[in-house]
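File shown: entry.cif. Contents: mmCIF, C-alpha atoms.
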```
data_start
loop_
_atom_site.label_atom_id
_atom_site.label_comp_id
_atom_site.auth_asym_id
_atom_site.auth_seq_id
_atom_site.Cartn_x
_atom_site.Cartn_y
_atom_site.Cartn_z
CA PRO A 600 22.95 105.43 185.84
CA GLU A 601 26.33 104.89 184.18
CA MET A 602 27.34 102.37 186.84
CA GLN A 603 23.99 100.61 186.45
CA ARG A 604 24.47 100.35 182.68
CA SER A 605 27.96 98.95 183.22
CA VAL A 606 26.69 96.30 185.64
CA THR A 607 23.82 95.37 183.33
CA GLU A 608 26.16 95.10 180.35
CA ARG A 609 28.56 92.92 182.33
CA MET A 610 25.74 90.59 183.41
CA SER A 611 24.47 90.34 179.85
CA LEU A 612 27.96 89.63 178.53
CA GLY A 613 28.41 86.96 181.19
CA ASN A 614 25.21 85.16 180.22
CA GLU A 615 26.16 85.27 176.55
CA LEU A 616 29.65 84.01 177.37
CA ARG A 617 28.21 80.95 179.09
CA ARG A 618 26.25 80.19 175.94
CA ALA A 619 29.29 80.93 173.76
CA VAL A 620 31.29 78.24 175.57
CA GLU A 621 28.46 75.74 175.04
CA ARG A 622 27.97 76.72 171.39
CA GLN A 623 31.70 76.73 170.66
CA GLU A 624 31.76 80.35 169.48
CA LEU A 625 35.29 80.76 170.85
CA GLU A 626 38.26 80.07 168.62
CA LEU A 627 42.04 80.14 168.84
CA HIS A 628 44.38 82.15 166.70
CA TYR A 629 48.11 81.51 166.63
CA GLN A 630 50.87 84.11 166.42
CA PRO A 631 54.16 82.63 165.17
CA ILE A 632 57.35 83.03 167.21
CA VAL A 633 60.52 82.75 165.14
CA ASP A 634 64.07 81.77 165.89
CA LEU A 635 65.88 85.06 165.26
CA ALA A 636 69.04 83.25 164.22
CA ASN A 637 67.45 81.60 161.18
CA GLY A 638 63.92 83.03 160.84
CA HIS A 639 62.22 79.64 161.22
CA ILE A 640 58.90 79.35 163.08
CA THR A 641 59.61 77.25 166.15
CA LYS A 642 56.90 78.39 168.55
CA ALA A 643 53.50 80.10 168.58
CA GLU A 644 51.35 81.88 171.14
CA THR A 645 47.66 80.98 171.32
CA LEU A 646 45.28 83.95 171.44
CA LEU A 647 41.64 83.47 172.35
CA ARG A 648 38.99 85.06 170.10
CA TRP A 649 35.22 85.40 170.46
CA ASN A 650 33.21 86.02 167.32
CA HIS A 651 29.78 86.88 168.65
CA PRO A 652 26.99 86.17 166.12
CA GLU A 653 25.44 89.61 166.74
CA ARG A 654 28.07 91.79 168.40
CA GLY A 655 30.89 90.66 166.16
CA TYR A 656 34.44 90.47 167.51
CA ILE A 657 34.76 90.87 171.28
CA GLY A 658 38.30 91.34 172.58
CA PRO A 659 39.72 89.11 175.33
CA ASP A 660 40.34 92.21 177.45
CA LYS A 661 36.57 92.47 177.77
CA PHE A 662 35.45 88.88 178.20
CA ILE A 663 38.36 87.25 180.09
CA PRO A 664 37.72 89.28 183.31
CA VAL A 665 34.03 88.34 183.05
CA ALA A 666 34.96 84.67 182.59
CA GLU A 667 37.18 84.83 185.68
CA ASP A 668 34.42 86.41 187.78
CA LEU A 669 31.91 83.78 186.66
CA GLY A 670 34.25 80.88 187.31
CA LEU A 671 34.41 79.91 183.64
CA MET A 672 38.18 80.12 183.22
CA SER A 673 38.82 76.50 184.16
CA LYS A 674 36.42 75.29 181.49
CA ILE A 675 37.73 77.73 178.89
CA GLY A 676 41.33 76.99 179.88
CA ASP A 677 40.81 73.26 179.39
CA TRP A 678 39.26 73.90 175.98
CA VAL A 679 42.25 76.05 174.99
CA PHE A 680 44.66 73.33 176.10
CA TYR A 681 42.93 70.57 174.11
CA GLN A 682 42.83 72.79 171.01
CA ALA A 683 46.53 73.62 171.41
CA ALA A 684 47.41 69.95 171.94
CA ALA A 685 45.49 69.02 168.80
CA MET A 686 47.42 71.67 166.87
CA ALA A 687 50.74 70.37 168.20
CA LYS A 688 49.84 66.82 167.16
CA ASN A 689 48.62 67.96 163.75
CA LEU A 690 51.87 69.80 163.08
CA MET A 691 53.91 66.85 164.28
CA GLU A 692 52.15 64.56 161.80
CA LYS A 693 52.23 66.98 158.87
CA ARG A 694 55.92 67.79 159.24
CA GLY A 695 56.92 64.16 158.94
CA PRO A 696 58.90 61.74 161.13
CA ASP A 697 62.21 63.51 160.51
CA LEU A 698 60.98 66.59 162.42
CA ARG A 699 58.94 64.93 165.16
CA ASP A 700 61.83 65.15 167.60
CA ASN A 701 61.82 68.93 167.12
CA PRO A 702 58.15 69.87 167.59
CA VAL A 703 56.71 73.35 167.13
CA GLN A 704 55.93 74.51 170.65
CA ILE A 705 52.48 75.95 171.37
CA THR A 706 52.30 78.49 174.20
CA ILE A 707 49.16 78.72 176.33
CA ASN A 708 48.33 81.73 178.51
CA LYS A 709 47.15 80.29 181.81
CA SER A 710 45.05 82.46 184.10
CA PRO A 711 46.07 82.63 187.78
CA ARG A 712 42.55 81.47 188.69
CA GLN A 713 43.24 78.16 186.95
CA PHE A 714 46.06 77.39 189.39
CA PHE A 715 43.89 77.81 192.46
CA THR A 716 41.41 75.07 191.51
CA GLY A 717 41.47 71.80 189.60
CA ASN A 718 44.28 69.38 188.81
CA THR A 719 45.38 70.32 185.29
CA HIS A 720 48.96 69.47 186.25
CA GLU A 721 47.77 65.85 186.19
CA THR A 722 45.00 65.76 183.56
CA TRP A 723 46.91 67.78 180.95
CA VAL A 724 50.09 65.75 181.29
CA GLY A 725 48.11 62.51 181.22
CA TYR A 726 46.32 63.57 178.06
CA LEU A 727 49.59 64.43 176.28
CA HIS A 728 51.03 61.03 177.17
CA GLN A 729 47.85 59.27 176.04
CA GLN A 730 47.90 61.05 172.67
CA GLY A 731 51.62 60.53 172.10
CA ILE A 732 52.30 64.27 172.12
CA PRO A 733 55.68 65.33 173.56
CA CYS A 734 55.19 67.48 176.65
CA GLU A 735 57.82 69.81 175.20
CA SER A 736 55.22 70.73 172.56
CA ILE A 737 53.36 72.80 175.17
CA CYS A 738 54.57 75.87 177.05
CA ILE A 739 52.55 77.57 179.79
CA GLU A 740 52.77 81.35 179.93
CA ILE A 741 52.21 83.03 183.28
CA THR A 742 52.44 86.56 184.67
CA GLU A 743 54.33 87.95 187.64
CA SER A 744 51.06 88.48 189.50
CA LEU A 745 50.72 84.69 189.78
CA LEU A 746 54.18 84.30 191.29
CA MET A 747 53.58 87.16 193.73
CA ASN A 748 50.64 85.28 195.29
CA ASP A 749 53.23 83.01 196.87
CA ARG A 750 50.68 80.24 197.44
CA PRO A 751 52.19 76.78 197.99
CA GLU A 752 49.69 75.03 195.69
CA VAL A 753 50.77 77.30 192.83
CA LEU A 754 54.42 76.41 193.29
CA GLN A 755 53.57 72.71 193.54
CA LYS A 756 51.56 72.74 190.29
CA LEU A 757 54.21 74.73 188.42
CA LEU A 758 56.86 72.25 189.52
CA LYS A 759 54.70 69.32 188.39
CA PHE A 760 54.31 70.86 184.94
CA HIS A 761 58.04 71.50 184.74
CA GLU A 762 58.97 67.99 185.90
CA ALA A 763 56.73 66.53 183.18
CA GLY A 764 58.55 68.51 180.50
CA ILE A 765 56.02 71.31 179.94
CA GLN A 766 58.03 74.52 179.87
CA LEU A 767 57.19 77.81 181.59
CA SER A 768 57.32 81.33 180.15
CA LEU A 769 57.11 84.57 182.15
CA ASP A 770 55.21 87.26 180.23
CA ASP A 771 55.87 91.03 180.06
CA PHE A 772 59.14 90.84 181.97
CA GLY A 773 60.45 94.25 182.98
CA ILE A 774 57.22 96.18 183.49
CA GLY A 775 56.22 94.77 186.89
CA TYR A 776 58.22 94.03 190.01
CA SER A 777 60.57 91.70 188.15
CA ALA A 778 61.87 90.16 191.36
CA MET A 779 64.97 88.16 190.50
CA GLY A 780 64.17 85.49 193.07
CA TYR A 781 61.20 84.35 190.97
CA LEU A 782 63.48 83.27 188.15
CA LYS A 783 65.45 80.93 190.37
CA HIS A 784 62.60 79.73 192.57
CA PHE A 785 60.15 78.80 189.80
CA ASP A 786 62.46 77.30 187.12
CA ILE A 787 61.37 79.65 184.34
CA ASP A 788 62.40 78.57 180.81
CA TYR A 789 61.55 81.74 178.86
CA LEU A 790 61.31 85.46 179.55
CA LYS A 791 59.18 87.60 177.27
CA ILE A 792 60.41 91.17 176.92
CA ASP A 793 57.49 93.57 176.81
CA SER A 794 56.80 95.24 173.47
CA SER A 795 57.17 98.73 174.99
CA PHE A 796 60.91 98.14 175.40
CA VAL A 797 61.22 96.66 171.91
CA ARG A 798 59.52 99.71 170.37
CA GLY A 799 61.78 102.04 172.32
CA MET A 800 65.04 100.37 171.28
CA GLU A 801 65.29 102.40 168.07
CA ARG A 802 65.11 105.81 169.73
CA GLU A 803 65.70 105.43 173.48
CA PRO A 804 69.20 104.36 174.65
CA SER A 805 67.72 103.46 178.05
CA ASP A 806 65.27 100.98 176.50
CA HIS A 807 68.08 99.51 174.42
CA ALA A 808 70.21 99.09 177.55
CA ILE A 809 67.34 97.47 179.48
CA VAL A 810 66.72 94.94 176.71
CA GLU A 811 70.41 94.06 176.53
CA ALA A 812 70.59 93.69 180.33
CA ILE A 813 67.56 91.38 180.42
CA ILE A 814 69.04 89.17 177.70
CA VAL A 815 72.44 88.90 179.38
CA MET A 816 70.90 88.17 182.79
CA ALA A 817 68.52 85.55 181.36
CA HIS A 818 71.27 83.74 179.49
CA LYS A 819 73.40 83.64 182.65
CA LEU A 820 70.47 81.80 184.26
CA ASN A 821 70.05 79.47 181.23
CA ILE A 822 66.75 81.14 180.31
CA LYS A 823 65.81 81.84 176.69
CA VAL A 824 64.41 85.24 175.71
CA VAL A 825 61.43 86.10 173.49
CA ALA A 826 60.98 89.71 172.31
CA GLU A 827 57.36 90.75 171.72
CA GLY A 828 55.98 93.36 169.37
CA ILE A 829 58.69 93.35 166.69
CA GLU A 830 57.46 95.52 163.82
CA THR A 831 60.55 96.73 161.94
CA GLU A 832 63.71 95.29 160.45
CA GLN A 833 65.77 97.64 162.60
CA GLN A 834 64.22 96.25 165.78
CA ARG A 835 64.99 92.73 164.62
CA ALA A 836 68.60 93.68 163.80
CA LEU A 837 69.09 95.30 167.21
CA LEU A 838 67.66 92.26 168.99
CA ILE A 839 69.86 89.85 167.02
CA GLU A 840 72.88 92.01 167.87
CA ALA A 841 71.88 91.88 171.54
CA GLY A 842 71.69 88.07 171.40
CA CYS A 843 67.91 87.65 171.72
CA ASP A 844 66.74 84.11 170.99
CA TYR A 845 63.20 84.46 169.63
CA GLY A 846 60.99 87.16 168.14
CA GLN A 847 57.24 87.70 167.89
CA GLY A 848 55.37 90.51 166.16
CA TYR A 849 53.74 91.87 163.03
CA LEU A 850 57.07 91.89 161.19
CA PHE A 851 56.75 88.11 161.02
CA SER A 852 52.99 87.56 161.20
CA ARG A 853 49.79 88.70 162.81
CA PRO A 854 47.79 86.13 164.80
CA VAL A 855 46.11 83.82 162.28
CA PRO A 856 43.52 81.01 162.39
CA GLY A 857 44.77 77.47 162.81
CA ASN A 858 44.67 76.45 159.15
CA GLN A 859 46.69 79.50 158.11
CA PHE A 860 49.22 78.85 160.87
CA ILE A 861 49.73 75.28 159.64
CA ASP A 862 50.40 76.65 156.14
CA LEU A 863 52.99 79.08 157.53
CA VAL A 864 54.82 76.30 159.38
CA ILE A 865 54.94 73.62 156.68
CA ARG A 866 55.31 75.78 153.57
#
```
Please re-express this file's structure in structure tokens.
Amino acid sequence: PEMQRSVTERMSLGNELRRAVERQELELHYQPIVDLANGHITKAETLLRWNHPERGYIGPDKFIPVAEDLGLMSKIGDWVFYQAAAMAKNLMEKRGPDLRDNPVQITINKSPRQFFTGNTHETWVGYLHQQGIPCESICIEITESLLMNDRPEVLQKLLKFHEAGIQLSLDDFGIGYSAMGYLKHFDIDYLKIDSSFVRGMEREPSDHAIVEAIIVMAHKLNIKVVAEGIETEQQRALLIEAGCDYGQGYLFSRPVPGNQFIDLVIR
């Protein structure tokens, strides 16, 4: 009976998710990423939200797997991209011509399923060119699981994005296999240190050492480092001392709706 309820709930959620995409119930929130050297917001991660009219907030951990099973991720992923591109263009215009050569970069989490179908490496780049949006305004965030698939079409699409100027970020570095060959083979621009290591820096010498080692290794490979989950001033101080480039976490800001994010950037 419990399994039956789970299956029924999943089917119901899937049907409602299809309607949510059509009714535009999904929305993006943006979590600022700051340059640790000066505290300025230079990047942001997009986070997908679903405000169901009856169920209320439904977390992405619940509906993203359903979207992947139903084959909806390509449609949702395209929607996320166009929203992020619109935000990048909006910020570029609001900040004035003197800052247009230094755009705020919007990071998009791209599901592995999106790399196995479609031609976003062409349509996305073409859209950015058409709208006059620098490709450097967009960064695609991927996970190690995508790289481990070792499928030639994935490598080809990643290289096309990179050649166009769209940068690549590897999420949660340090908690998976963390094969060093990936960093060289796939031309990664950013590593994101998992928040579990950042939290442990204050009390665990081993976590502190791991974070320092990741930063040194990344810089040797000309890769920038983003630390996730920064919540205290001490964590920020330790990361600055270790030479980390960027920081993300509640110390700076929670994820906020688009209009609030614009206010944070241009204030």
Q | Reference answer for the PyMOL selection byres ((chain A and resi 666) around 12), as JSON, numbers by chain | A | {"A": [609, 610, 612, 613, 614, 615, 616, 617, 618, 619, 620, 659, 660, 661, 662, 663, 664, 665, 667, 668, 669, 670, 671, 672, 673, 674, 675, 676, 710, 712, 713]}
For Val824 of chain A, list every protein, DNA or RNA residue within 9 Å, evaluated using all atoms listed in the file, and leave out those in the same chain fewer than 5 positions away; present the list as an mmCIF file with C-alpha atoms, in the coordinates of the input.
```cif
data_model
loop_
_atom_site.group_PDB
_atom_site.id
_atom_site.type_symbol
_atom_site.label_atom_id
_atom_site.label_comp_id
_atom_site.auth_asym_id
_atom_site.auth_seq_id
_atom_site.Cartn_x
_atom_site.Cartn_y
_atom_site.Cartn_z
ATOM 1 C CA ASP A 788 62.400 78.570 180.810
ATOM 2 C CA TYR A 789 61.550 81.740 178.860
ATOM 3 C CA LEU A 790 61.310 85.460 179.550
ATOM 4 C CA LYS A 791 59.180 87.600 177.270
ATOM 5 C CA ILE A 792 60.410 91.170 176.920
ATOM 6 C CA ILE A 813 67.560 91.380 180.420
ATOM 7 C CA ILE A 814 69.040 89.170 177.700
ATOM 8 C CA ALA A 817 68.520 85.550 181.360
ATOM 9 C CA HIS A 818 71.270 83.740 179.490
ATOM 10 C CA GLY A 842 71.690 88.070 171.400
ATOM 11 C CA CYS A 843 67.910 87.650 171.720
ATOM 12 C CA ASP A 844 66.740 84.110 170.990
ATOM 13 C CA TYR A 845 63.200 84.460 169.630
ATOM 14 C CA GLY A 846 60.990 87.160 168.140
#
```
Q: Step by step: start from the point (37.8, 87.7, 165.8) in the file's coordinates, keep every protein, DNA or RNA residue that has an atom no farther than 12 Å from it, count all atoms listed in the file, and write the set as a PyMOL selection string.
A: chain A and resi 624-628+646-652+654-659+854-856
Please produce, as JSON lines, a per-residue contact table for segment 776-820 of chain A versus segment 827-833 of chain A (criterion: any atom at most 10 Å away, all atoms listed in the file considered), showing the nearest atom pair and its distance in Å to one decimal, sorted by chain then residue number.
```
{"residue": "A:Lys791", "atom": "CA", "partner": "A:Glu827", "partner_atom": "CA", "distance": 6.6}
{"residue": "A:Ile792", "atom": "CA", "partner": "A:Glu827", "partner_atom": "CA", "distance": 6.0}
{"residue": "A:Asp793", "atom": "CA", "partner": "A:Glu827", "partner_atom": "CA", "distance": 5.8}
{"residue": "A:Ser794", "atom": "CA", "partner": "A:Gly828", "partner_atom": "CA", "distance": 4.6}
{"residue": "A:Ser795", "atom": "CA", "partner": "A:Gly828", "partner_atom": "CA", "distance": 7.9}
{"residue": "A:Phe796", "atom": "CA", "partner": "A:Glu827", "partner_atom": "CA", "distance": 9.0}
{"residue": "A:Val797", "atom": "CA", "partner": "A:Ile829", "partner_atom": "CA", "distance": 6.7}
{"residue": "A:Arg798", "atom": "CA", "partner": "A:Gly828", "partner_atom": "CA", "distance": 7.3}
{"residue": "A:Met800", "atom": "CA", "partner": "A:Gln833", "partner_atom": "CA", "distance": 9.1}
{"residue": "A:Glu801", "atom": "CA", "partner": "A:Gln833", "partner_atom": "CA", "distance": 7.3}
```
Q.
One number please: atom CA of Pro631 of chain A to atom CA of Leu863 of chain A, in Å, one decimal.
A.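 So the two atoms, atom CA of Pro631 of chain A and atom CA of Leu863 of chain A, lie 8.5 Å apart.
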**Q.** Computed interatomic separation between atom CA of Gly725 of chain A and atom CA of Lys693 of chain A (Å)
**A.** 23.2 Å
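Going from atom CA of Cys738 of chain A to atom CA of Gln704 of chain A covers 6.7 Å.
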Q. For the file shown, what are the residues hit by the PyMOL selection byres ((chain A and resi 756) around 9), laid out as a list in words?
A. Phe714, Asn718, Thr719, His720, Glu721, Pro751, Glu752, Val753, Leu754, Gln755, Leu757, Leu758, Lys759, Phe760 and His761 of chain A
**Q.** Best match for closeness to Glu735 of chain A among A:Asn708, A:Thr722, A:Ser852, A:Thr641, counting only C-alpha atoms
**A.**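 The answer is A:Thr641, which sits nearest to Glu735 of chain A.
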Q: Could you give me, as an MDAnalysis selection string, the residues within 8 Å of Ile732 of chain A, counting only C-alpha atoms and dropping anything in the same chain fewer than 6 positions from it?
A: chainID A and resid 684 687:688
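In terms of minimum interatomic distance to Arg802 of chain A, A:Leu837 ranks closest within A:Val815, A:Leu837, A:Leu850, A:Ala685, counting all atoms listed in the file.
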**Q.** Counting all atoms listed in the file, the option among A:Met816, A:Val606, A:Val703, A:Leu635 closest to Arg835 of chain A
**A.**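 Smallest separation from Arg835 of chain A among the options: A:Leu635.
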Would you list the contacts of Ala643 of chain A as an mmCIF file with C-alpha atoms, in the frame of the given file, taking every protein, DNA or RNA residue within 6 Å and counting all atoms listed in the file, but skipping same-chain residues closer than 3 positions in sequence?
```
data_model
loop_
_atom_site.group_PDB
_atom_site.id
_atom_site.type_symbol
_atom_site.label_atom_id
_atom_site.label_comp_id
_atom_site.auth_asym_id
_atom_site.auth_seq_id
_atom_site.Cartn_x
_atom_site.Cartn_y
_atom_site.Cartn_z
ATOM 1 C CA TYR A 629 48.110 81.510 166.630
ATOM 2 C CA GLN A 630 50.870 84.110 166.420
ATOM 3 C CA PRO A 631 54.160 82.630 165.170
ATOM 4 C CA ILE A 632 57.350 83.030 167.210
ATOM 5 C CA ILE A 705 52.480 75.950 171.370
ATOM 6 C CA THR A 706 52.300 78.490 174.200
#
```
